[in-house]
Amino acid sequence: MPTDQPGPLSVLSQFPDPDSLQVILATDCGSTTTKAILIEKIDGVYRQTYRGEAPTTVEEPTADVTMGVVNAATEVGELAGRRLIDEHGQIIRPARGNEGCDVYISTSSAGGGLQMLVAGVVRQMTAASAERAALGAGAIVMETLASNDKRKPFEQIQRIRELRPDMILLAGGTDGGTKSHVVQLAELIAPAKPQPRFGGQYKMPLIFAGNKEAASLVTEVLGQDVELSIVPNVRPVLEREELGPARDCVHDLFLEHVMAHAPGYDKLIAWADAPIMPTPGAVGDILKTIAERQGINAVGVDIGGATTDVFSVFGGVFNRTVSANLGMSYSISNVLAEATLPKILRWVPYDCDERELRNRVKNKMIRPTTIPQTLDALMFEQAVAREALRLSYLQHQQFATTLVGVQQQRSIGDAFGQQTGPRSIVDNMAVDLLVGSGGVLSHAPRMEQTAMMLIDAFEPEGITRLAKDSIFMMPHLGVLASVHPRAAMEVFERDCLVYLGTCIAPKGRPKPGQPICRYTFEGELRESGELRGGEIVRLRLDVGQTAEVILQPARGFDVGSGPGKMRSATIHGGTVGVVLDGRGRSLEFPIDRASCRELVVKWNRSVEMYPEKG
């Protein structure tokens with residue numbers, strides 16, 4: 001375990017008054033691009049002022065990640081008129097006049113990010129808890145092994161041999177409970193002799209976070225073949241998860257092993273004033289911070305070329321999932337396979353040849369950096385994005401559940417209900433803030449397109465505020481939150497988020513044209529009317545403006561207070577305004593292709609998503 005890395009406390013000890021920090025430099029070393037931002041204190045408030053980027057330099061001929069950092073920081077410095085890099089290629093600190101910065105921080109997903117193998121005794125219990133710990137730390141979980149996953153021991157051993165993860169997390173058993181099952185898992189790992197991804201110069205890091213009384217037996221079984229770290233149990237008792245120690249250990253080992261063996265990362269670690277975090281872990285941290293400080297429930301999504309990450313905070317409980325085969329370039333064929341073409345075609349508002357669309361998908365996969373050149377191509381790409389987001393969110397809902405094995409008091413209604421097993425804690429009616437990030441969302445030509453992709457894929461209910469990450473600075477702010485939470489929050493709210501507006505969507509299944517909700521707005525928006533089934537109404541309410549709304553749903557429809565019950569609330573505006581969605585939940589489409597196309601065209605026109613042709 002590394003002990004000499006500066007942590008948040010050591011950074012703050014250098015600055016007894018964090019507010020004395022005037023200039024902060026942050027970088028995110030991605031797999032292809034290193035992005036740098038400058039944060040400065042202006043009139044007592046922290047603002048993101050300049051941004052630069054450069055190719056990431058982990059591969060030959062450079063093979064030194066700090067070169068990409070220097071290039072990105074140099075670009076930021078040139079734009080800002082501030083010298084950030086000295087003649088020796090070092091970051092200048094502290095800030096003096098027009099030179100240097102007070103703090104330098106970084107995140108990284110270069111080299112494919114953090115990849116882990118997770119093992120637990122019961123798939124739905126300790127293995128699920130271990131998986132949540134790994135995902136929360138920013139890892140991609142390559143495989144989850146369990147005693148009850150129905151594979152024979154030789155098949156599990158073969159699978160362990162095939163994988164080359166960065167590290168392994170082993171859990172199992174409650175403290176004081178049975179020891180034999182988790183020891184048996186260790187006996188599968190030992191003969192497999194797993195090899196780390198970055199070669200054989202070091203032993204495979206393995207974290208044991210199971211029954212503390214089995215730790216000595218696990219140590220004995222695994223012997224000297226792995227670098228063993230023992231941390232408190234992720235599931236000390238059935239009724240409680242304690243993921244923090246395992247998650248922190250993952251971060252430490254990420255620095256000590258994964259990062260330290262990647263080209264140039266030893267220098268980058270020495271430069272940084274806080275531990276380098278995996279990019280997805282940092283994004284999760286800033287979402288947790290905003291949810292905690294505002295006392296809200298939030299859902300965030302980052303859709304990339306190969307994967308889609310979904311983050312959520314409900315009632316203070318954080319969850320993250322990685323849909324490793326749902327992306328917009330490298331994995332776009334998987335989206336087509338999982339969603340099926342008919343589901344994607346529901347969103348395509350023009351007549352098209354299926355073969356041509358399939359060719360479009362294949363071309364995007366082999367030329368991942370291309371962008372749509374025609375309106376039809378843009379519409380099709382955004383149709384695919386809706387399905388990738390929808391499927392990723394479904395996976396997230398299935399993963400973010402109540403703990404299995406916990407005894408819960410049940411009412412008579414529960415006893416006669418159909419649901420058994422764990423229940424998802426994701427509640428669309430309870431979502432206060434929905435944040436979108438990733439190229440297809442952040443770089444959509446019109447804000448209306450981003451807003452509707454989020455609404456169509458996530459189907460928020462009641463009243464939900466919509467936003468997008470303007471220039472993908474959430475990773476930078478996530479690691480900044482560990483050093484200076486107030487600065488991170490100020491930049492997040494003022495410069496990171498572009499508020500799109502608010503979605504109001506009554507829950508229920510209306511018939512076309514059926515009156516479902518009366519609405520009255522007062523304040524900076526004065527409007528009243530009746531929302532009908534199947535229609536979308538867009539009202540203008542600009543960024544920074546608010547309005548008071550009174551909603552009276554029809555019988556059987558719910559806007560957050562219960563079926564048929566009135567709700568009043570303060571509504572925030574945005575670049576799109578207020579979207580009243582009367583299509584019902586869940587969304588339904590006509591079976592007939594022509595009728596479906598006609599309906600989608602009507603929805604698109606109601607919010608001015610696309611320019612009219614001709």
# chains A, B, ... in the order shown; residues from 1 in each chain; ligands from 1
>>> select_by_dssp(residues="stretch 193-339 of chain A", states="alpha helix (DSSP H)", output="VMD selection string")
chain A and resid 215 to 222 244 to 253 265 to 271 279 to 294 332 to 339
>>> residues_around(residues="A:Gly523", least_positions_apart="4", cutoff="9 Å", atoms="only C-alpha atoms", output="ChimeraX atom specification")
/A:545-549
>>> write_last_selection(atoms="C-alpha atoms", output="short mmCIF file (atom, residue, chain, number, x, y, z; two decimals), in the first residue's frame")
data_model
loop_
_atom_site.label_atom_id
_atom_site.label_comp_id
_atom_site.auth_asym_id
_atom_site.auth_seq_id
_atom_site.Cartn_x
_atom_site.Cartn_y
_atom_site.Cartn_z
CA GLN A 545 -35.30 32.33 -14.73
CA THR A 546 -37.75 30.57 -12.42
CA ALA A 547 -41.50 30.13 -12.25
CA GLU A 548 -44.00 28.71 -9.80
CA VAL A 549 -46.15 25.95 -11.22
#
>>> atom_distance(atom1="atom CA of A:Val76", atom2="atom CA of A:Val45")
20.0 Å
>>> closest_residue(among="A:Trp271, A:Arg132, A:Tyr202, A:Ala444", to="A:Val317", atoms="only C-alpha atoms")
A:Arg132
>>> residues_around(residues="A:Glu387", least_positions_apart="2", cutoff="12 Å", atoms="only C-alpha atoms", output="PyMOL selection string")
chain A and resi 303+308+326-328+332+334-348+380-385+389-394+453-458
>>> residues_around(residues="stretch 473-489 of chain A", least_positions_apart="4", cutoff="8 Å", atoms="only C-alpha atoms", output="number ranges by chain")
A: 8-9, 11-12, 18, 26-28, 37, 45-46, 105-107, 274, 276-277, 279-287, 289-290, 469, 493, 496
>>> residues_around(residues="A:Ala246", least_positions_apart="6", cutoff="9 Å", atoms="only C-alpha atoms", output="list in words")
Ala130, Ala133, Ala134, Ala137, Leu169, Ile207, Phe208, Ala209, Ile230, Val231, Pro232, Asn233 and Val234 of chain A
>>> residues_around(residues="A:Ala298", least_positions_apart="6", cutoff="7 Å", atoms="only C-alpha atoms", output="MDAnalysis selection string")
chainID A and resid 291 312:314 431:434
>>> residues_around(residues="stretch 254-257 of chain A", least_positions_apart="2", cutoff="10 Å", atoms="only C-alpha atoms", output="PyMOL selection string")
chain A and resi 1-3+5+113-115+137+139+166-167+196+198+202-205+248-252+259-262+265-266+269+275-278
>>> write_last_selection(atoms="C-alpha atoms", output="compact mmCIF listing (two decimals), in the first residue's frame")
# COMPACT_ATOMS: atom_id res chain seq x y z
CA MET A 1 0.00 0.00 0.00
CA PRO A 2 1.50 3.39 -0.90
CA THR A 3 2.07 5.70 2.02
CA GLN A 5 1.39 9.72 -2.00
CA GLY A 113 -8.66 2.67 -17.66
CA LEU A 114 -8.82 0.40 -14.61
CA GLN A 115 -9.89 -3.19 -15.36
CA ALA A 137 -13.82 3.21 -7.64
CA ALA A 139 -13.19 0.29 -12.63
CA ASP A 166 -5.18 -4.83 -13.39
CA MET A 167 -6.26 -6.23 -10.03
CA PRO A 196 -1.48 -8.48 -14.61
CA PHE A 198 0.99 -4.51 -17.79
CA TYR A 202 5.17 -7.22 -10.56
CA LYS A 203 2.72 -9.52 -8.79
CA MET A 204 -1.02 -9.37 -9.36
CA PRO A 205 -2.58 -7.01 -6.78
CA ASP A 248 -10.00 3.44 -1.21
CA CYS A 249 -7.67 0.45 -1.52
CA VAL A 250 -8.55 0.15 -5.22
CA HIS A 251 -7.56 3.81 -5.68
CA ASP A 252 -4.26 3.27 -3.86
CA MET A 259 -0.38 3.88 -13.02
CA ALA A 260 3.20 3.34 -11.86
CA HIS A 261 3.84 0.78 -14.60
CA ALA A 262 2.35 2.85 -17.43
CA TYR A 265 3.08 7.90 -14.79
CA ASP A 266 5.69 7.84 -12.03
CA ILE A 269 2.18 10.98 -9.74
CA PRO A 275 -3.90 11.20 -5.76
CA ILE A 276 -4.60 10.62 -9.45
CA MET A 277 -8.10 9.17 -9.83
CA PRO A 278 -9.59 6.95 -12.54
>>> closest_residue(among="A:Asp581, A:Glu241, A:Asp558, A:Asp86", to="A:Val537", atoms="only C-alpha atoms")
A:Asp581
>>> closest_residue(among="A:Leu117, A:Leu38, A:Ala95, A:Leu84", to="A:Glu162", atoms="only C-alpha atoms")
A:Leu117
